[in-house]
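Q: After the structure tokens below, expect a handful of questions from me.
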There are 2 protein chains.
Amino acid sequence: MATIGDVARVAGVSRSTASYALSGKRSLSEEVRLRVAAAVEELGYTPNAGARALATSQTKTLGLLAQFLDDEFAPAMMQYFLGVSNTARGLGYDVLLVNEPDGPASLRRVLTSRMVDGVVLLNVAEHDTRLPVLRSAQQPGALVGLPADCSGVDVFDLDFHETGRHMVAHLHELGHRDLLLVNQPEHVLERGGAYVWRLQSAAEEEAAQRGVTLAAAFAPSTQPDVGRALHALLDAHPQVTGLLLNNEAAASALPSVLAERGLTSPDDVSVVGRYSREFARTFSLPFSAVESAPDQLGQLAVRQLVRRIEGTAAATPHVVHLIPPSLTDRGSTAAPRLPADRPRADRPHARRPPAGAHAP
Amino acid sequence: MATIGDVARVAGVSRSTASYALSGKRSLSEEVRLRVAAAVEELGYTPNAGARALATSQTKTLGLLAQFLDDEFAPAMMQYFLGVSNTARGLGYDVLLVNEPDGPASLRRVLTSRMVDGVVLLNVAEHDTRLPVLRSAQQPGALVGLPADCSGVDVFDLDFHETGRHMVAHLHELGHRDLLLVNQPEHVLERGGAYVWRLQSAAEEEAAQRGVTLAAAFAPSTQPDVGRALHALLDAHPQVTGLLLNNEAAASALPSVLAERGLTSPDDVSVVGRYSREFARTFSLPFSAVESAPDQLGQLAVRQLVRRIEGTAAATPHVVHLIPPSLTDRGSTAAPRLPADRPRADRPHARRPPAGAHAP
DNA sequence: CCCGATCGACGAACCGGTTCGACACGATGT
DNA sequence: ACATCGTGTCGAACCGGTTCGTCGATCGGG
């Protein structure tokens, strides 16, 4: 494997000259520059990443800290990976994928061994145990997910407060007065997924202000449990005309649940979810939803992280960037049917399977 | 940040002694060993990865080369990531995630810059353009996916030939005589996903031997197109009683397609798929399926790769390991209904939606 | 014509580890 | 008492880059 010494020898210059020819950090004659370039070409030279890291204290690598939890709905995570990875590569950085159960320990390891110039933390919890480690490190970090204490880090997340308000406002303005919010399972909240609570409390606040009834419930994040839970919830709240989903698994289970109950959306029930465009596409989810924008969040996090690493934003105050909710309309919301509404003939997709078709 | 020089000074020994104390490669007195350990503890020392890589020519990092293609069904990829990442970490290796559109170029980059000790290639095509790059590299590579030419690399894949035969045999033995195989979209095959063809030709061979009629068709890998395609296929092949799915998207769309047509499985149609346990769990897929074992494949690939890196298997001939198909029975296959079969009362889960409930 | 500025190339030191060879010291054998 | 051996430690070189200080050559100006 060719080293810069080999390049220098072939080009007939010193190692330092070869280095300067490649980096362009000092002026040198056109002739030497070309000789070095030719030698590089001839030998197929590529700088040794370890040696460069040692000399420059820069690895051009970012750490991507995912944590997979048992009840996680894994498919949603992939989008964050891609957003981070693609953006990083575009800025000249590679990505070290770290997903160990022991988050703080693995974070400490990659930081102190200087394998990475900075880290992106995914799935950040309210009191994330990785944060103290990150704060005491030399390298900067960007979070995807809003923790209680944002000091010393850059934070990016969907604005779940506004999302909750927006969902309620949207349905209220269409005329709905009885809403049901389907949350992530309770242990997601216990584990620090405060976004569940933020969305719910904002929704409740907005509902109270508008005089709307809002029930909220946890639902499992695994199939087929979540389907059963949805049936139970719909049984328990027969008057509900508007559904808010803050649970990807529930969103992907709802179409068949509705079909089993002989309901269609938006005719019988209006539904608004919270998931990504890509997620909707993959599972053909027909519900209007607040875009959770994983690719955008990953991109924002990496951009800011790189700005800090490269000193452009070194002294800048840390940012907490909550992207405003934007509702992608897929036609699953409409004015509620009037209490005495008779079945309409003008609904092309309406199907009326026999009552009681769903499991008890 | 503490270096080994700091540790040596605090412990009152030379740098080399400190190094030996940590690596244990030479014997030294218990007393010195303890003094060094204390200094490490006191300073919170962690070796600098770049320096170590430079000195030892080992990075303790594996490259994970994914390629995401537009029409890829992304959720299935995650399981490979996890299998590779978890196994690697267990063996003391980190994972560099590389997913650039230009596979050969990025592979060359990570190999020649010595960022990794070896690579795992996912999603390997019949004539994968990354293979020549890998063969001319110093570092070993392990593939997940069977290419035309396996020389110089270790290969792991599901045995798609046996899988095709097994699926047909299974349905034939239950009494089915008219089968339909739903493939990945045609461009997956064109792009080099020869496993599609391997499964199909084996299935056809087996079908011919057993005197079974087998139709095969491509289907899209995106929703909702695949649902429409399934409807069209079922319309075109009304006599089919057994369905073989080699397309994850089709598998996840089939339950609602069947529901829309008022069919149930296995009463009206027997279905056997090819996807992972985890995939089935996430999407609550009720079909018996040949386990595609992404986690196992990732694990096998990494284990073999590490064996080669560490010299344990340096001179060993390269392996081509095709894991035999294993059918996970989820109860979606049974004897076909006889042509003049009357509705049976002894089927506990049978539901009989009104005929003609499905869209035209 | 000589001096000083400028340009271009070089040598050496350094980043932080690992490892080989040498050496000092105490224990053992004769 | 002395040669021998083994054990524990150290110094120095090396991995492959980057970068600072320096120096010689060239050119322009006084």
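Identifiers in the structure tokens: chain A, B, ... in order shown; residue index from 1 per chain; ligand index from 1 in order shown.
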Restrict the distance test to only C-alpha atoms (C1' of nucleotides), flag each residue of chain B within 6 Å of chain C, and return the flagged residues as a PyMOL selection string.

A: chain B and resi 51-52+55

Q: May I have all residues of region 38-234 of chain B that DSSP, computed from the backbone, assigns to strand (DSSP E), given as an mmCIF file with N, CA and C atoms, in the first residue's frame?

A:
```cif
data_model
loop_
_atom_site.group_PDB
_atom_site.id
_atom_site.type_symbol
_atom_site.label_atom_id
_atom_site.label_comp_id
_atom_site.auth_asym_id
_atom_site.auth_seq_id
_atom_site.Cartn_x
_atom_site.Cartn_y
_atom_site.Cartn_z
ATOM 1 N N THR B 61 -12.402 -1.920 13.230
ATOM 2 C CA THR B 61 -13.636 -1.395 12.649
ATOM 3 C C THR B 61 -13.961 -2.182 11.386
ATOM 4 N N LEU B 62 -15.227 -2.487 11.201
ATOM 5 C CA LEU B 62 -15.671 -3.158 9.991
ATOM 6 C C LEU B 62 -16.513 -2.200 9.162
ATOM 7 N N GLY B 63 -16.391 -2.287 7.871
ATOM 8 C CA GLY B 63 -17.245 -1.486 6.993
ATOM 9 C C GLY B 63 -18.522 -2.246 6.688
ATOM 10 N N LEU B 64 -19.639 -1.553 6.766
ATOM 11 C CA LEU B 64 -20.912 -2.168 6.415
ATOM 12 C C LEU B 64 -21.432 -1.455 5.183
ATOM 13 N N LEU B 65 -21.352 -2.114 4.050
ATOM 14 C CA LEU B 65 -21.746 -1.460 2.805
ATOM 15 C C LEU B 65 -23.152 -1.829 2.394
ATOM 16 N N ASP B 94 -16.078 -2.084 15.869
ATOM 17 C CA ASP B 94 -17.082 -1.072 15.581
ATOM 18 C C ASP B 94 -17.496 -1.176 14.127
ATOM 19 N N VAL B 95 -18.536 -0.460 13.780
ATOM 20 C CA VAL B 95 -19.095 -0.568 12.433
ATOM 21 C C VAL B 95 -19.163 0.800 11.766
ATOM 22 N N LEU B 96 -18.563 0.882 10.617
ATOM 23 C CA LEU B 96 -18.652 2.095 9.811
ATOM 24 C C LEU B 96 -19.737 1.877 8.764
ATOM 25 N N LEU B 97 -20.754 2.694 8.845
ATOM 26 C CA LEU B 97 -21.903 2.532 7.949
ATOM 27 C C LEU B 97 -21.667 3.317 6.668
ATOM 28 N N VAL B 98 -21.637 2.624 5.555
ATOM 29 C CA VAL B 98 -21.380 3.285 4.279
ATOM 30 C C VAL B 98 -22.546 3.019 3.346
ATOM 31 N N GLY B 118 -12.002 -4.860 7.415
ATOM 32 C CA GLY B 118 -12.708 -5.766 6.525
ATOM 33 C C GLY B 118 -14.094 -5.204 6.274
ATOM 34 N N VAL B 119 -14.782 -5.787 5.317
ATOM 35 C CA VAL B 119 -16.096 -5.237 4.974
ATOM 36 C C VAL B 119 -17.139 -6.328 4.827
ATOM 37 N N VAL B 120 -18.363 -5.953 5.145
ATOM 38 C CA VAL B 120 -19.523 -6.785 4.865
ATOM 39 C C VAL B 120 -20.317 -6.080 3.770
ATOM 40 N N LEU B 121 -20.563 -6.796 2.693
ATOM 41 C CA LEU B 121 -21.363 -6.231 1.601
ATOM 42 C C LEU B 121 -22.769 -6.780 1.686
ATOM 43 N N GLY B 141 -13.359 -9.638 2.821
ATOM 44 C CA GLY B 141 -14.750 -9.197 2.748
ATOM 45 C C GLY B 141 -15.691 -10.375 2.847
ATOM 46 N N ALA B 142 -16.856 -10.138 3.416
ATOM 47 C CA ALA B 142 -17.880 -11.170 3.483
ATOM 48 C C ALA B 142 -19.135 -10.624 2.831
ATOM 49 N N LEU B 143 -19.794 -11.472 2.064
ATOM 50 C CA LEU B 143 -20.972 -11.019 1.337
ATOM 51 C C LEU B 143 -22.237 -11.590 1.948
ATOM 52 N N VAL B 144 -23.268 -10.809 1.926
ATOM 53 C CA VAL B 144 -24.602 -11.330 2.195
ATOM 54 C C VAL B 144 -25.351 -11.226 0.879
ATOM 55 N N ASP B 154 -15.958 -14.638 1.162
ATOM 56 C CA ASP B 154 -16.857 -15.548 1.861
ATOM 57 C C ASP B 154 -18.286 -15.092 1.619
ATOM 58 N N VAL B 155 -19.140 -16.069 1.343
ATOM 59 C CA VAL B 155 -20.494 -15.734 0.906
ATOM 60 C C VAL B 155 -21.530 -16.389 1.809
ATOM 61 N N PHE B 156 -22.533 -15.618 2.178
ATOM 62 C CA PHE B 156 -23.613 -16.137 3.010
ATOM 63 C C PHE B 156 -24.937 -15.701 2.423
ATOM 64 N N ASP B 157 -25.826 -16.638 2.353
ATOM 65 C CA ASP B 157 -27.137 -16.293 1.818
ATOM 66 C C ASP B 157 -28.113 -17.392 2.200
ATOM 67 N N LEU B 158 -29.372 -17.051 2.063
ATOM 68 C CA LEU B 158 -30.393 -18.077 2.165
ATOM 69 C C LEU B 158 -30.292 -18.949 0.914
ATOM 70 N N ASP B 178 -52.386 -25.934 -8.285
ATOM 71 C CA ASP B 178 -52.322 -24.693 -9.055
ATOM 72 C C ASP B 178 -51.708 -23.596 -8.191
ATOM 73 N N LEU B 179 -50.492 -23.221 -8.535
ATOM 74 C CA LEU B 179 -49.762 -22.288 -7.673
ATOM 75 C C LEU B 179 -49.416 -21.000 -8.420
ATOM 76 N N LEU B 180 -49.227 -19.956 -7.628
ATOM 77 C CA LEU B 180 -48.815 -18.671 -8.203
ATOM 78 C C LEU B 180 -47.674 -18.109 -7.370
ATOM 79 N N LEU B 181 -46.582 -17.783 -8.044
ATOM 80 C CA LEU B 181 -45.420 -17.201 -7.357
ATOM 81 C C LEU B 181 -45.375 -15.700 -7.624
ATOM 82 N N VAL B 182 -45.350 -14.924 -6.562
ATOM 83 C CA VAL B 182 -45.284 -13.470 -6.700
ATOM 84 C C VAL B 182 -43.857 -13.014 -6.412
ATOM 85 N N ASN B 183 -43.221 -12.473 -7.430
ATOM 86 C CA ASN B 183 -41.808 -12.104 -7.326
ATOM 87 C C ASN B 183 -41.610 -10.644 -6.940
ATOM 88 N N THR B 213 -49.034 -27.063 -11.693
ATOM 89 C CA THR B 213 -49.021 -25.845 -12.506
ATOM 90 C C THR B 213 -48.518 -24.677 -11.656
ATOM 91 N N LEU B 214 -47.520 -23.982 -12.197
ATOM 92 C CA LEU B 214 -46.990 -22.834 -11.447
ATOM 93 C C LEU B 214 -46.912 -21.621 -12.357
ATOM 94 N N ALA B 215 -47.647 -20.597 -11.998
ATOM 95 C CA ALA B 215 -47.519 -19.324 -12.703
ATOM 96 C C ALA B 215 -46.607 -18.425 -11.880
ATOM 97 N N ALA B 216 -45.865 -17.564 -12.561
ATOM 98 C CA ALA B 216 -44.987 -16.646 -11.840
ATOM 99 C C ALA B 216 -45.168 -15.249 -12.389
ATOM 100 N N ALA B 217 -45.089 -14.269 -11.526
ATOM 101 C CA ALA B 217 -45.294 -12.890 -11.976
ATOM 102 C C ALA B 217 -44.479 -11.940 -11.127
ATOM 103 N N PHE B 218 -44.065 -10.865 -11.739
ATOM 104 C CA PHE B 218 -43.419 -9.801 -10.973
ATOM 105 C C PHE B 218 -44.497 -8.943 -10.326
#
```

Q: Excluding region 147-153 of chain A and any residue of its chain fewer than 6 positions from it, enumerate the residues within 9 Å of it, using only C-alpha atoms (C1' of nucleotides), and give them as a PyMOL selection string.

A: chain A and resi 124-128+131+134-135+140-141+192-194+317-320

Q: Output N, CA and C atoms for every residue in the selection just made, as a compact mmCIF listing (two decimals), in the first residue's frame.

A:
```txt
# COMPACT_ATOMS: atom_id res chain seq x y z
N VAL A 124 -33.49 10.68 21.83
CA VAL A 124 -33.06 11.23 23.12
C VAL A 124 -34.22 11.29 24.10
N ALA A 125 -33.97 10.82 25.30
CA ALA A 125 -35.01 10.77 26.32
C ALA A 125 -34.99 12.03 27.18
N GLU A 126 -36.06 12.21 27.93
CA GLU A 126 -36.19 13.40 28.78
C GLU A 126 -34.96 13.60 29.67
N HIS A 127 -34.58 12.55 30.36
CA HIS A 127 -33.36 12.62 31.18
C HIS A 127 -32.39 11.56 30.65
N ASP A 128 -31.82 11.86 29.51
CA ASP A 128 -31.02 10.86 28.82
C ASP A 128 -29.69 10.68 29.53
N LEU A 131 -26.37 12.16 28.14
CA LEU A 131 -26.07 13.59 28.09
C LEU A 131 -24.91 14.02 29.00
N LEU A 134 -21.77 13.27 27.25
CA LEU A 134 -21.54 14.16 26.11
C LEU A 134 -21.06 15.53 26.57
N ARG A 135 -21.66 16.04 27.64
CA ARG A 135 -21.31 17.38 28.11
C ARG A 135 -19.87 17.44 28.60
N PRO A 140 -18.31 18.06 20.07
CA PRO A 140 -19.69 18.52 20.12
C PRO A 140 -20.67 17.39 19.82
N GLY A 141 -21.93 17.64 20.17
CA GLY A 141 -22.97 16.65 19.90
C GLY A 141 -24.25 17.33 19.49
N GLY A 192 -38.82 7.94 29.30
CA GLY A 192 -38.32 9.28 29.04
C GLY A 192 -38.73 9.86 27.71
N GLY A 193 -39.62 9.18 27.01
CA GLY A 193 -40.09 9.72 25.75
C GLY A 193 -41.11 10.82 26.00
N ALA A 194 -40.59 11.97 26.46
CA ALA A 194 -41.49 13.03 26.93
C ALA A 194 -42.30 13.63 25.80
N PRO A 317 -24.10 30.40 20.36
CA PRO A 317 -24.93 29.75 21.41
C PRO A 317 -25.60 28.51 20.84
N HIS A 318 -25.87 27.58 21.73
CA HIS A 318 -26.48 26.33 21.27
C HIS A 318 -27.92 26.56 20.87
N VAL A 319 -28.34 25.81 19.88
CA VAL A 319 -29.69 26.02 19.36
C VAL A 319 -30.63 24.92 19.82
N VAL A 320 -31.88 25.27 19.98
CA VAL A 320 -32.95 24.29 20.18
C VAL A 320 -33.93 24.54 19.06
```

Q: Kindly provide, as a PDB file with N, CA and C atoms, in the first residue's frame, the residues of chain B having any atom no farther than 8 Å from an atom of chain A, counting only C-alpha atoms.

A:
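The resulting file, part_5.pdb, is shown below:
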```
ATOM      1  N   MET B   1      -6.715  15.744  27.121  1.00  0.00           N
ATOM      2  CA  MET B   1      -6.948  14.294  26.951  1.00  0.00           C
ATOM      3  C   MET B   1      -5.656  13.535  27.259  1.00  0.00           C
ATOM      4  N   THR B  46      -7.900   6.593  27.804  1.00  0.00           N
ATOM      5  CA  THR B  46      -8.367   5.675  26.757  1.00  0.00           C
ATOM      6  C   THR B  46      -7.417   5.819  25.579  1.00  0.00           C
ATOM      7  N   PRO B  47      -6.950   4.721  25.027  1.00  0.00           N
ATOM      8  CA  PRO B  47      -6.008   4.818  23.905  1.00  0.00           C
ATOM      9  C   PRO B  47      -6.613   5.591  22.741  1.00  0.00           C
ATOM     10  N   ASN B  48      -5.795   6.339  22.067  1.00  0.00           N
ATOM     11  CA  ASN B  48      -6.217   7.068  20.871  1.00  0.00           C
ATOM     12  C   ASN B  48      -6.313   6.085  19.695  1.00  0.00           C
ATOM     13  N   ALA B  49      -7.521   5.998  19.166  1.00  0.00           N
ATOM     14  CA  ALA B  49      -7.774   4.982  18.141  1.00  0.00           C
ATOM     15  C   ALA B  49      -6.902   5.184  16.908  1.00  0.00           C
ATOM     16  N   GLY B  50      -6.720   6.434  16.513  1.00  0.00           N
ATOM     17  CA  GLY B  50      -5.920   6.706  15.320  1.00  0.00           C
ATOM     18  C   GLY B  50      -4.475   6.277  15.518  1.00  0.00           C
ATOM     19  N   ALA B  51      -3.924   6.615  16.639  1.00  0.00           N
ATOM     20  CA  ALA B  51      -2.535   6.253  16.920  1.00  0.00           C
ATOM     21  C   ALA B  51      -2.372   4.741  16.963  1.00  0.00           C
ATOM     22  N   ALA B  53      -4.250   2.560  15.504  1.00  0.00           N
ATOM     23  CA  ALA B  53      -4.416   2.035  14.151  1.00  0.00           C
ATOM     24  C   ALA B  53      -3.119   2.204  13.365  1.00  0.00           C
ATOM     25  N   LEU B  54      -2.504   3.347  13.544  1.00  0.00           N
ATOM     26  CA  LEU B  54      -1.266   3.605  12.817  1.00  0.00           C
ATOM     27  C   LEU B  54      -0.165   2.617  13.231  1.00  0.00           C
ATOM     28  N   PHE B  73     -37.323  -2.121  -0.418  1.00  0.00           N
ATOM     29  CA  PHE B  73     -38.250  -2.132   0.693  1.00  0.00           C
ATOM     30  C   PHE B  73     -37.435  -1.972   1.968  1.00  0.00           C
ATOM     31  N   ALA B  74     -37.245  -0.726   2.386  1.00  0.00           N
ATOM     32  CA  ALA B  74     -36.264  -0.383   3.410  1.00  0.00           C
ATOM     33  C   ALA B  74     -36.412  -1.111   4.753  1.00  0.00           C
ATOM     34  N   PRO B  75     -37.619  -1.312   5.240  1.00  0.00           N
ATOM     35  CA  PRO B  75     -37.730  -1.900   6.574  1.00  0.00           C
ATOM     36  C   PRO B  75     -37.001  -3.223   6.713  1.00  0.00           C
ATOM     37  N   MET B  78     -33.110  -3.117   7.894  1.00  0.00           N
ATOM     38  CA  MET B  78     -32.715  -2.818   9.268  1.00  0.00           C
ATOM     39  C   MET B  78     -32.225  -4.048  10.022  1.00  0.00           C
ATOM     40  N   SER B  85     -24.173  -5.302  13.310  1.00  0.00           N
ATOM     41  CA  SER B  85     -23.676  -4.396  14.346  1.00  0.00           C
ATOM     42  C   SER B  85     -23.522  -5.102  15.691  1.00  0.00           C
ATOM     43  N   ASN B  86     -24.532  -5.858  16.068  1.00  0.00           N
ATOM     44  CA  ASN B  86     -24.455  -6.512  17.371  1.00  0.00           C
ATOM     45  C   ASN B  86     -23.352  -7.558  17.408  1.00  0.00           C
ATOM     46  N   ARG B  89     -19.859  -5.851  17.489  1.00  0.00           N
ATOM     47  CA  ARG B  89     -19.536  -5.265  18.794  1.00  0.00           C
ATOM     48  C   ARG B  89     -19.168  -6.353  19.794  1.00  0.00           C
ATOM     49  N   ASP B  94     -16.078  -2.084  15.869  1.00  0.00           N
ATOM     50  CA  ASP B  94     -17.082  -1.072  15.581  1.00  0.00           C
ATOM     51  C   ASP B  94     -17.496  -1.176  14.127  1.00  0.00           C
ATOM     52  N   VAL B  95     -18.536  -0.460  13.780  1.00  0.00           N
ATOM     53  CA  VAL B  95     -19.095  -0.568  12.433  1.00  0.00           C
ATOM     54  C   VAL B  95     -19.163   0.800  11.766  1.00  0.00           C
ATOM     55  N   LEU B  96     -18.563   0.882  10.617  1.00  0.00           N
ATOM     56  CA  LEU B  96     -18.652   2.095   9.811  1.00  0.00           C
ATOM     57  C   LEU B  96     -19.737   1.877   8.764  1.00  0.00           C
ATOM     58  N   LEU B  97     -20.754   2.694   8.845  1.00  0.00           N
ATOM     59  CA  LEU B  97     -21.903   2.532   7.949  1.00  0.00           C
ATOM     60  C   LEU B  97     -21.667   3.317   6.668  1.00  0.00           C
ATOM     61  N   VAL B  98     -21.637   2.624   5.555  1.00  0.00           N
ATOM     62  CA  VAL B  98     -21.380   3.285   4.279  1.00  0.00           C
ATOM     63  C   VAL B  98     -22.546   3.019   3.346  1.00  0.00           C
ATOM     64  N   ASN B  99     -23.272   4.032   3.006  1.00  0.00           N
ATOM     65  CA  ASN B  99     -24.310   3.831   1.999  1.00  0.00           C
ATOM     66  C   ASN B  99     -24.294   5.010   1.039  1.00  0.00           C
ATOM     67  N   GLU B 100     -23.476   4.858   0.042  1.00  0.00           N
ATOM     68  CA  GLU B 100     -23.425   5.880  -0.985  1.00  0.00           C
ATOM     69  C   GLU B 100     -23.952   5.267  -2.253  1.00  0.00           C
ATOM     70  N   ARG B 109     -12.646   3.669  -1.319  1.00  0.00           N
ATOM     71  CA  ARG B 109     -12.227   4.708  -0.388  1.00  0.00           C
ATOM     72  C   ARG B 109     -11.977   4.154   1.018  1.00  0.00           C
ATOM     73  N   THR B 112      -8.850   1.538   0.910  1.00  0.00           N
ATOM     74  CA  THR B 112      -7.484   2.022   0.697  1.00  0.00           C
ATOM     75  C   THR B 112      -7.075   3.037   1.761  1.00  0.00           C
ATOM     76  N   SER B 113      -8.032   3.721   2.330  1.00  0.00           N
ATOM     77  CA  SER B 113      -7.647   4.639   3.405  1.00  0.00           C
ATOM     78  C   SER B 113      -7.477   3.895   4.725  1.00  0.00           C
ATOM     79  N   ARG B 114      -7.691   2.599   4.688  1.00  0.00           N
ATOM     80  CA  ARG B 114      -7.524   1.745   5.863  1.00  0.00           C
ATOM     81  C   ARG B 114      -8.371   2.196   7.038  1.00  0.00           C
ATOM     82  N   MET B 115      -9.580   2.564   6.739  1.00  0.00           N
ATOM     83  CA  MET B 115     -10.490   2.907   7.833  1.00  0.00           C
ATOM     84  C   MET B 115     -11.070   1.649   8.462  1.00  0.00           C
ATOM     85  N   THR B 222     -43.707  -1.340  -3.993  1.00  0.00           N
ATOM     86  CA  THR B 222     -44.207  -0.179  -3.254  1.00  0.00           C
ATOM     87  C   THR B 222     -45.711  -0.257  -3.132  1.00  0.00           C
ATOM     88  N   GLN B 223     -46.166   0.332  -2.043  1.00  0.00           N
ATOM     89  CA  GLN B 223     -47.602   0.441  -1.824  1.00  0.00           C
ATOM     90  C   GLN B 223     -48.054   1.743  -2.491  1.00  0.00           C
ATOM     91  N   PRO B 224     -49.242   1.873  -2.976  1.00  0.00           N
ATOM     92  CA  PRO B 224     -50.267   0.827  -3.000  1.00  0.00           C
ATOM     93  C   PRO B 224     -50.262   0.028  -4.299  1.00  0.00           C
ATOM     94  N   SER B 256     -54.808  -7.262   3.432  1.00  0.00           N
ATOM     95  CA  SER B 256     -55.945  -6.414   3.093  1.00  0.00           C
ATOM     96  C   SER B 256     -56.506  -6.773   1.721  1.00  0.00           C
ATOM     97  N   ARG B 281     -43.545 -10.202  12.714  1.00  0.00           N
ATOM     98  CA  ARG B 281     -44.035  -9.667  13.979  1.00  0.00           C
ATOM     99  C   ARG B 281     -44.436  -8.199  13.829  1.00  0.00           C
ATOM    100  N   THR B 282     -43.554  -7.442  13.188  1.00  0.00           N
ATOM    101  CA  THR B 282     -43.800  -6.004  13.077  1.00  0.00           C
ATOM    102  C   THR B 282     -45.082  -5.709  12.315  1.00  0.00           C
ATOM    103  N   PHE B 283     -45.319  -6.478  11.256  1.00  0.00           N
ATOM    104  CA  PHE B 283     -46.484  -6.182  10.434  1.00  0.00           C
ATOM    105  C   PHE B 283     -47.604  -7.168  10.642  1.00  0.00           C
ATOM    106  N   SER B 284     -47.428  -7.989  11.672  1.00  0.00           N
ATOM    107  CA  SER B 284     -48.492  -8.907  12.035  1.00  0.00           C
ATOM    108  C   SER B 284     -48.913  -9.757  10.851  1.00  0.00           C
ATOM    109  N   ARG B 351     -64.321 -16.777   8.543  1.00  0.00           N
ATOM    110  CA  ARG B 351     -65.285 -15.685   8.430  1.00  0.00           C
ATOM    111  C   ARG B 351     -65.830 -15.700   7.016  1.00  0.00           C
ATOM    112  N   PRO B 353     -67.489 -13.168   4.811  1.00  0.00           N
ATOM    113  CA  PRO B 353     -68.072 -11.898   4.356  1.00  0.00           C
ATOM    114  C   PRO B 353     -68.910 -12.141   3.115  1.00  0.00           C
ATOM    115  N   PRO B 354     -69.822 -11.237   2.835  1.00  0.00           N
ATOM    116  CA  PRO B 354     -70.704 -11.431   1.686  1.00  0.00           C
ATOM    117  C   PRO B 354     -69.914 -11.533   0.398  1.00  0.00           C
ATOM    118  N   ALA B 357     -67.888  -8.629  -1.981  1.00  0.00           N
ATOM    119  CA  ALA B 357     -67.544  -7.480  -1.124  1.00  0.00           C
ATOM    120  C   ALA B 357     -66.336  -6.723  -1.649  1.00  0.00           C
TER     121      ALA B 357
END
```

Q: Select, as a list in words, those residues of chain D with any atom no more than 12 Å from chain B (distances computed using only C-alpha atoms (C1' of nucleotides)).

A: DG6, DT7, DG8, DT9, DC10, DG11, DA12, DA13, DC14, DC15, DG16 and DG17 of chain D

Q: Residues of region 88-280 of chain A classed as helix (DSSP H, G or I) by DSSP on the backbone are to be reported as a PyMOL selection string.

A: chain A and resi 88-90+103-112+130-135+160-174+186-190+194-210+225-236+248-261+277-280

Q: Enter the distance from CA of Val84 (chain B) to CA of Gln299 (chain A), in Å, rounded to one decimal.

A: 24.7 Å

Q: What is the distance between CA of Arg198 (chain B) and CA of Gly164 (chain B), in Å to one decimal?

A: 7.8 Å

Q: To one decimal place, how far is CA of Pro185 (chain B) from CA of Leu243 (chain B) in Å?

A: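 CA of Leu243 (chain B) lies 16.5 Å from CA of Pro185 (chain B).
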